[in-house]
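Reproduced below: entry_24.cif, with mmCIF, N, CA and C atoms and all ligand atoms.
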data_start
loop_
_atom_site.group_PDB
_atom_site.id
_atom_site.type_symbol
_atom_site.label_atom_id
_atom_site.label_comp_id
_atom_site.auth_asym_id
_atom_site.auth_seq_id
_atom_site.Cartn_x
_atom_site.Cartn_y
_atom_site.Cartn_z
ATOM 1 N N MET A 1 0.850 -1.200 0.000
ATOM 2 C CA MET A 1 0.000 0.000 0.000
ATOM 3 C C MET A 1 0.888 1.254 0.000
ATOM 4 N N THR A 2 0.544 2.214 -0.836
ATOM 5 C CA THR A 2 1.313 3.454 -0.919
ATOM 6 C C THR A 2 0.679 4.537 -0.038
ATOM 7 N N CYS A 3 1.410 5.630 0.161
ATOM 8 C CA CYS A 3 0.872 6.762 0.911
ATOM 9 C C CYS A 3 -0.408 7.276 0.255
ATOM 10 N N ARG A 4 -0.421 7.288 -1.079
ATOM 11 C CA ARG A 4 -1.609 7.741 -1.795
ATOM 12 C C ARG A 4 -2.798 6.829 -1.500
ATOM 13 N N ASP A 5 -2.543 5.523 -1.452
ATOM 14 C CA ASP A 5 -3.613 4.573 -1.122
ATOM 15 C C ASP A 5 -4.170 4.864 0.274
ATOM 16 N N VAL A 6 -3.272 5.141 1.210
ATOM 17 C CA VAL A 6 -3.715 5.405 2.585
ATOM 18 C C VAL A 6 -4.650 6.600 2.607
ATOM 19 N N THR A 7 -4.274 7.689 1.919
ATOM 20 C CA THR A 7 -5.120 8.882 1.964
ATOM 21 C C THR A 7 -6.461 8.623 1.293
ATOM 22 N N SER A 8 -6.487 7.806 0.231
ATOM 23 C CA SER A 8 -7.768 7.574 -0.443
ATOM 24 C C SER A 8 -8.660 6.622 0.363
ATOM 25 N N PHE A 9 -8.044 5.698 1.126
ATOM 26 C CA PHE A 9 -8.841 4.764 1.930
ATOM 27 C C PHE A 9 -9.212 5.328 3.294
ATOM 28 N N LEU A 10 -8.575 6.432 3.677
ATOM 29 C CA LEU A 10 -8.674 6.883 5.059
ATOM 30 C C LEU A 10 -10.105 7.144 5.546
ATOM 31 N N PRO A 11 -10.936 7.861 4.775
ATOM 32 C CA PRO A 11 -12.295 8.094 5.289
ATOM 33 C C PRO A 11 -13.029 6.790 5.596
ATOM 34 N N ASN A 12 -12.940 5.822 4.676
ATOM 35 C CA ASN A 12 -13.600 4.539 4.930
ATOM 36 C C ASN A 12 -12.951 3.795 6.090
ATOM 37 N N TYR A 13 -11.628 3.910 6.197
ATOM 38 C CA TYR A 13 -10.926 3.251 7.302
ATOM 39 C C TYR A 13 -11.437 3.772 8.643
ATOM 40 N N LEU A 14 -11.536 5.092 8.757
ATOM 41 C CA LEU A 14 -11.949 5.672 10.038
ATOM 42 C C LEU A 14 -13.412 5.399 10.347
ATOM 43 N N HIS A 15 -14.203 5.137 9.311
ATOM 44 C CA HIS A 15 -15.607 4.789 9.546
ATOM 45 C C HIS A 15 -15.806 3.286 9.706
ATOM 46 N N GLY A 16 -14.696 2.527 9.685
ATOM 47 C CA GLY A 16 -14.802 1.078 9.830
ATOM 48 C C GLY A 16 -15.440 0.408 8.639
ATOM 49 N N ALA A 17 -15.361 1.077 7.460
ATOM 50 C CA ALA A 17 -16.043 0.571 6.276
ATOM 51 C C ALA A 17 -15.130 -0.236 5.355
ATOM 52 N N LEU A 18 -13.867 -0.416 5.735
ATOM 53 C CA LEU A 18 -12.957 -1.210 4.908
ATOM 54 C C LEU A 18 -13.008 -2.669 5.336
ATOM 55 N N ASP A 19 -12.669 -3.548 4.385
ATOM 56 C CA ASP A 19 -12.574 -4.954 4.795
ATOM 57 C C ASP A 19 -11.302 -5.152 5.627
ATOM 58 N N THR A 20 -11.218 -6.302 6.273
ATOM 59 C CA THR A 20 -10.124 -6.520 7.229
ATOM 60 C C THR A 20 -8.764 -6.486 6.550
ATOM 61 N N GLU A 21 -8.703 -6.895 5.286
ATOM 62 C CA GLU A 21 -7.421 -6.920 4.580
ATOM 63 C C GLU A 21 -6.909 -5.501 4.361
ATOM 64 N N ASP A 22 -7.774 -4.606 3.860
ATOM 65 C CA ASP A 22 -7.358 -3.217 3.641
ATOM 66 C C ASP A 22 -7.042 -2.529 4.970
ATOM 67 N N THR A 23 -7.846 -2.824 5.995
ATOM 68 C CA THR A 23 -7.593 -2.243 7.310
ATOM 69 C C THR A 23 -6.213 -2.648 7.814
ATOM 70 N N ALA A 24 -5.871 -3.932 7.669
ATOM 71 C CA ALA A 24 -4.574 -4.413 8.113
ATOM 72 C C ALA A 24 -3.450 -3.748 7.323
ATOM 73 N N GLU A 25 -3.662 -3.538 6.019
ATOM 74 C CA GLU A 25 -2.617 -2.915 5.201
ATOM 75 C C GLU A 25 -2.410 -1.459 5.608
ATOM 76 N N ILE A 26 -3.485 -0.754 5.899
ATOM 77 C CA ILE A 26 -3.343 0.634 6.349
ATOM 78 C C ILE A 26 -2.596 0.676 7.677
ATOM 79 N N GLU A 27 -2.956 -0.226 8.589
ATOM 80 C CA GLU A 27 -2.306 -0.209 9.900
ATOM 81 C C GLU A 27 -0.828 -0.578 9.789
ATOM 82 N N GLN A 28 -0.503 -1.511 8.898
ATOM 83 C CA GLN A 28 0.912 -1.837 8.670
ATOM 84 C C GLN A 28 1.657 -0.642 8.094
ATOM 85 N N HIS A 29 1.018 0.038 7.132
ATOM 86 C CA HIS A 29 1.687 1.164 6.489
ATOM 87 C C HIS A 29 1.896 2.310 7.485
ATOM 88 N N THR A 30 0.849 2.652 8.234
ATOM 89 C CA THR A 30 0.979 3.787 9.152
ATOM 90 C C THR A 30 1.935 3.464 10.299
ATOM 91 N N ALA A 31 2.082 2.172 10.642
ATOM 92 C CA ALA A 31 3.055 1.810 11.675
ATOM 93 C C ALA A 31 4.478 2.094 11.207
ATOM 94 N N ALA A 32 4.696 2.004 9.890
ATOM 95 C CA ALA A 32 6.045 2.159 9.346
ATOM 96 C C ALA A 32 6.289 3.543 8.753
ATOM 97 N N CYS A 33 5.227 4.320 8.492
ATOM 98 C CA CYS A 33 5.370 5.573 7.741
ATOM 99 C C CYS A 33 4.993 6.759 8.635
ATOM 100 N N ASP A 34 5.976 7.548 9.002
ATOM 101 C CA ASP A 34 5.727 8.691 9.886
ATOM 102 C C ASP A 34 4.734 9.674 9.272
ATOM 103 N N ASN A 35 4.877 9.929 7.966
ATOM 104 C CA ASN A 35 3.997 10.909 7.318
ATOM 105 C C ASN A 35 2.539 10.490 7.397
ATOM 106 N N CYS A 36 2.282 9.217 7.096
ATOM 107 C CA CYS A 36 0.897 8.767 7.104
ATOM 108 C C CYS A 36 0.352 8.675 8.532
ATOM 109 N N ARG A 37 1.209 8.279 9.477
ATOM 110 C CA ARG A 37 0.759 8.223 10.867
ATOM 111 C C ARG A 37 0.317 9.610 11.333
ATOM 112 N N GLU A 38 1.110 10.621 10.985
ATOM 113 C CA GLU A 38 0.769 11.997 11.360
ATOM 114 C C GLU A 38 -0.499 12.460 10.629
ATOM 115 N N PHE A 39 -0.613 12.057 9.352
ATOM 116 C CA PHE A 39 -1.797 12.433 8.575
ATOM 117 C C PHE A 39 -3.066 11.840 9.198
ATOM 118 N N VAL A 40 -2.988 10.572 9.576
ATOM 119 C CA VAL A 40 -4.140 9.919 10.199
ATOM 120 C C VAL A 40 -4.491 10.609 11.514
ATOM 121 N N ARG A 41 -3.453 10.954 12.288
ATOM 122 C CA ARG A 41 -3.690 11.605 13.576
ATOM 123 C C ARG A 41 -4.411 12.942 13.378
ATOM 124 N N GLU A 42 -3.934 13.744 12.419
ATOM 125 C CA GLU A 42 -4.561 15.052 12.183
ATOM 126 C C GLU A 42 -5.971 14.902 11.613
ATOM 127 N N TYR A 43 -6.146 13.879 10.784
ATOM 128 C CA TYR A 43 -7.461 13.633 10.204
ATOM 129 C C TYR A 43 -8.470 13.297 11.310
ATOM 130 N N ARG A 44 -8.036 12.446 12.245
ATOM 131 C CA ARG A 44 -8.913 12.104 13.377
ATOM 132 C C ARG A 44 -9.252 13.341 14.208
ATOM 133 N N LEU A 45 -8.245 14.194 14.439
ATOM 134 C CA LEU A 45 -8.480 15.404 15.225
ATOM 135 C C LEU A 45 -9.472 16.318 14.523
ATOM 136 N N THR A 46 -9.339 16.419 13.185
ATOM 137 C CA THR A 46 -10.252 17.265 12.424
ATOM 138 C C THR A 46 -11.683 16.753 12.544
ATOM 139 N N ILE A 47 -11.836 15.432 12.435
ATOM 140 C CA ILE A 47 -13.176 14.847 12.571
ATOM 141 C C ILE A 47 -13.726 15.115 13.965
ATOM 142 N N ALA A 48 -12.885 14.929 14.985
ATOM 143 C CA ALA A 48 -13.338 15.145 16.363
ATOM 144 C C ALA A 48 -13.738 16.606 16.566
ATOM 145 N N ALA A 49 -12.960 17.533 15.985
ATOM 146 C CA ALA A 49 -13.264 18.952 16.143
ATOM 147 C C ALA A 49 -14.575 19.307 15.457
ATOM 148 N N SER A 50 -14.812 18.744 14.270
ATOM 149 C CA SER A 50 -16.053 19.080 13.579
ATOM 150 C C SER A 50 -17.245 18.462 14.292
ATOM 151 N N GLN A 51 -17.058 17.259 14.857
ATOM 152 C CA GLN A 51 -18.155 16.656 15.617
ATOM 153 C C GLN A 51 -18.464 17.474 16.855
ATOM 154 N N ALA A 52 -17.415 18.003 17.507
ATOM 155 C CA ALA A 52 -17.628 18.836 18.693
ATOM 156 C C ALA A 52 -18.373 20.107 18.313
ATOM 157 N N ALA A 53 -18.027 20.677 17.146
ATOM 158 C CA ALA A 53 -18.695 21.895 16.694
ATOM 159 C C ALA A 53 -20.178 21.629 16.448
ATOM 160 N N PHE A 54 -20.490 20.489 15.813
ATOM 161 C CA PHE A 54 -21.891 20.174 15.550
ATOM 162 C C PHE A 54 -22.630 19.906 16.847
ATOM 163 N N ARG A 55 -21.947 19.256 17.813
ATOM 164 C CA ARG A 55 -22.601 19.015 19.103
ATOM 165 C C ARG A 55 -22.993 20.322 19.767
ATOM 166 N N SER A 56 -22.100 21.339 19.694
ATOM 167 C CA SER A 56 -22.426 22.594 20.364
ATOM 168 C C SER A 56 -23.557 23.310 19.642
ATOM 169 N N VAL A 57 -23.667 23.134 18.308
ATOM 170 C CA VAL A 57 -24.810 23.698 17.584
ATOM 171 C C VAL A 57 -26.088 23.005 18.035
ATOM 172 N N ASP A 58 -26.019 21.666 18.151
ATOM 173 C CA ASP A 58 -27.190 20.904 18.563
ATOM 174 C C ASP A 58 -27.640 21.274 19.970
ATOM 175 N N ALA A 59 -26.692 21.709 20.803
ATOM 176 C CA ALA A 59 -27.010 21.997 22.195
ATOM 177 C C ALA A 59 -27.864 23.258 22.331
ATOM 178 N N GLY A 60 -28.015 24.016 21.250
ATOM 179 C CA GLY A 60 -28.850 25.208 21.312
ATOM 180 C C GLY A 60 -28.113 26.405 20.767
ATOM 181 N N ALA A 61 -28.829 27.522 20.645
ATOM 182 C CA ALA A 61 -28.225 28.732 20.115
ATOM 183 C C ALA A 61 -27.169 29.249 21.088
ATOM 184 N N PRO A 62 -26.049 29.731 20.548
ATOM 185 C CA PRO A 62 -25.039 30.308 21.443
ATOM 186 C C PRO A 62 -25.598 31.522 22.169
ATOM 187 N N SER A 63 -25.068 31.784 23.353
ATOM 188 C CA SER A 63 -25.622 32.858 24.164
ATOM 189 C C SER A 63 -25.388 34.224 23.542
ATOM 190 N N ALA A 64 -24.473 34.327 22.520
ATOM 191 C CA ALA A 64 -24.211 35.603 21.876
ATOM 192 C C ALA A 64 -25.367 36.044 20.974
ATOM 193 N N VAL A 65 -26.276 35.127 20.639
ATOM 194 C CA VAL A 65 -27.414 35.496 19.793
ATOM 195 C C VAL A 65 -28.436 36.244 20.662
ATOM 196 N N PRO A 66 -28.835 37.451 20.224
ATOM 197 C CA PRO A 66 -29.781 38.224 21.036
ATOM 198 C C PRO A 66 -31.104 37.480 21.222
ATOM 199 N N ASP A 67 -31.687 37.616 22.408
ATOM 200 C CA ASP A 67 -32.934 36.908 22.708
ATOM 201 C C ASP A 67 -34.063 37.282 21.749
ATOM 202 N N ASP A 68 -34.130 38.594 21.360
ATOM 203 C CA ASP A 68 -35.250 38.972 20.501
ATOM 204 C C ASP A 68 -35.106 38.393 19.095
ATOM 205 N N LEU A 69 -33.837 38.193 18.652
ATOM 206 C CA LEU A 69 -33.638 37.537 17.354
ATOM 207 C C LEU A 69 -34.117 36.094 17.423
ATOM 208 N N VAL A 70 -33.759 35.407 18.509
ATOM 209 C CA VAL A 70 -34.204 34.023 18.670
ATOM 210 C C VAL A 70 -35.733 33.974 18.676
ATOM 211 N N ARG A 71 -36.358 34.941 19.353
ATOM 212 C CA ARG A 71 -37.820 34.984 19.440
ATOM 213 C C ARG A 71 -38.428 35.215 18.061
ATOM 214 N N ASP A 72 -37.848 36.194 17.280
ATOM 215 C CA ASP A 72 -38.364 36.495 15.954
ATOM 216 C C ASP A 72 -38.263 35.284 15.031
ATOM 217 N N VAL A 73 -37.096 34.625 15.056
ATOM 218 C CA VAL A 73 -36.908 33.448 14.195
ATOM 219 C C VAL A 73 -37.903 32.375 14.614
ATOM 220 N N GLY A 74 -38.062 32.190 15.891
ATOM 221 C CA GLY A 74 -39.005 31.198 16.368
ATOM 222 C C GLY A 74 -40.433 31.522 15.931
ATOM 223 N N ALA A 75 -40.779 32.818 15.957
ATOM 224 C CA ALA A 75 -42.109 33.241 15.532
ATOM 225 C C ALA A 75 -42.302 32.982 14.043
ATOM 226 N N ASP A 76 -41.240 33.284 13.236
ATOM 227 C CA ASP A 76 -41.326 33.022 11.806
ATOM 228 C C ASP A 76 -41.519 31.539 11.536
ATOM 229 N N LEU A 77 -40.748 30.713 12.242
ATOM 230 C CA LEU A 77 -40.873 29.259 12.042
ATOM 231 C C LEU A 77 -42.264 28.797 12.431
ATOM 232 N N GLY A 78 -42.791 29.369 13.522
ATOM 233 C CA GLY A 78 -44.127 28.988 13.969
ATOM 234 C C GLY A 78 -45.193 29.403 12.975
ATOM 235 N N ALA A 79 -44.992 30.593 12.326
ATOM 236 C CA ALA A 79 -45.983 31.115 11.408
ATOM 237 C C ALA A 79 -46.028 30.304 10.119
ATOM 238 N N SER A 80 -44.885 29.706 9.743
ATOM 239 C CA SER A 80 -44.818 29.034 8.451
ATOM 240 C C SER A 80 -45.338 27.596 8.521
ATOM 241 N N THR A 81 -45.615 27.095 9.697
ATOM 242 C CA THR A 81 -46.105 25.718 9.777
ATOM 243 C C THR A 81 -47.598 25.664 9.956
HETATM 244 ZN ZN ZN B 1 2.847 6.617 3.969
#
What is this structure when it is put down as structure tokens?
Ligand SMILES: [Zn+2]
Amino acid sequence: MTCRDVTSFLPNYLHGALDTEDTAEIEQHTAACDNCREFVREYRLTIAASQAAFRSVDAGAPSAVPDDLVRDVGADLGAST
């Protein structure tokens, strides 16, 4: 497996969507290749950061949003249904 193969398989690898043979090849390659090991590490961090960002959106509107704006948007949403 080449470095290019690792980068193209990486999204599926991290989602557990690769078969065991490809997974084993990626793990062998990243164990031996500093560049790919670092790439995988940063890729995981990026995914974790974006998931954290979405979680905070799901948790509700940030407190910096004015209350009357939240009320107006809520009223508009209520009016359209
Ligand atoms: Zn590599």
Mind giving me the straight-line distance from atom CA of Ile47 of chain A to atom CA of Arg4 of chain A in Å, one decimal? 19.8 Å
Would you tabulate, counting only N, CA and C atoms and all ligand atoms, all residues of chain A that have an atom at most 8 Å from an atom of ligand ZN 1 (chain B), showing the closest pair of atoms and their distance in Å to one decimal, sorted by chain then ascending number, as CSV?
residue,atom,partner,partner_atom,distance
A:Met1,C,B:ZN1,ZN,7.0
A:Thr2,C,B:ZN1,ZN,5.0
A:Cys3,CA,B:ZN1,ZN,3.6
A:Arg4,N,B:ZN1,ZN,6.1
A:Asp5,N,B:ZN1,ZN,7.7
A:Val6,CA,B:ZN1,ZN,6.8
A:Thr7,N,B:ZN1,ZN,7.5
A:His29,C,B:ZN1,ZN,5.6
A:Thr30,N,B:ZN1,ZN,6.2
A:Ala32,C,B:ZN1,ZN,6.6
A:Cys33,CA,B:ZN1,ZN,4.7
A:Asp34,N,B:ZN1,ZN,6.0
A:Asn35,C,B:ZN1,ZN,5.2
A:Cys36,N,B:ZN1,ZN,4.1
A:Arg37,N,B:ZN1,ZN,6.0
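Considering the residues A:Leu77, A:Pro66, A:Ala48, A:Val40 and counting all atoms listed in the file, Leu10 of chain A has its shortest atom-to-atom contact with A:Val40.
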Hey, can you check how far atom N of Glu25 of chain A sits from atom C of Gln51 of chain A?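 Value for the atom N of Glu25 of chain A-atom C of Gln51 of chain A distance: 27.9 Å.
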Can you work out the spacing between atom CA of Glu21 of chain A and atom CA of Leu45 of chain A in Å, to one decimal?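 Atom-to-atom, atom CA of Glu21 of chain A to atom CA of Leu45 of chain A, that is 24.8 Å.
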Among chain A, which ones does DSSP place in alpha helix (DSSP H), written as a ChimeraX atom specification? /A:3-14,20-32,34-58,67-80
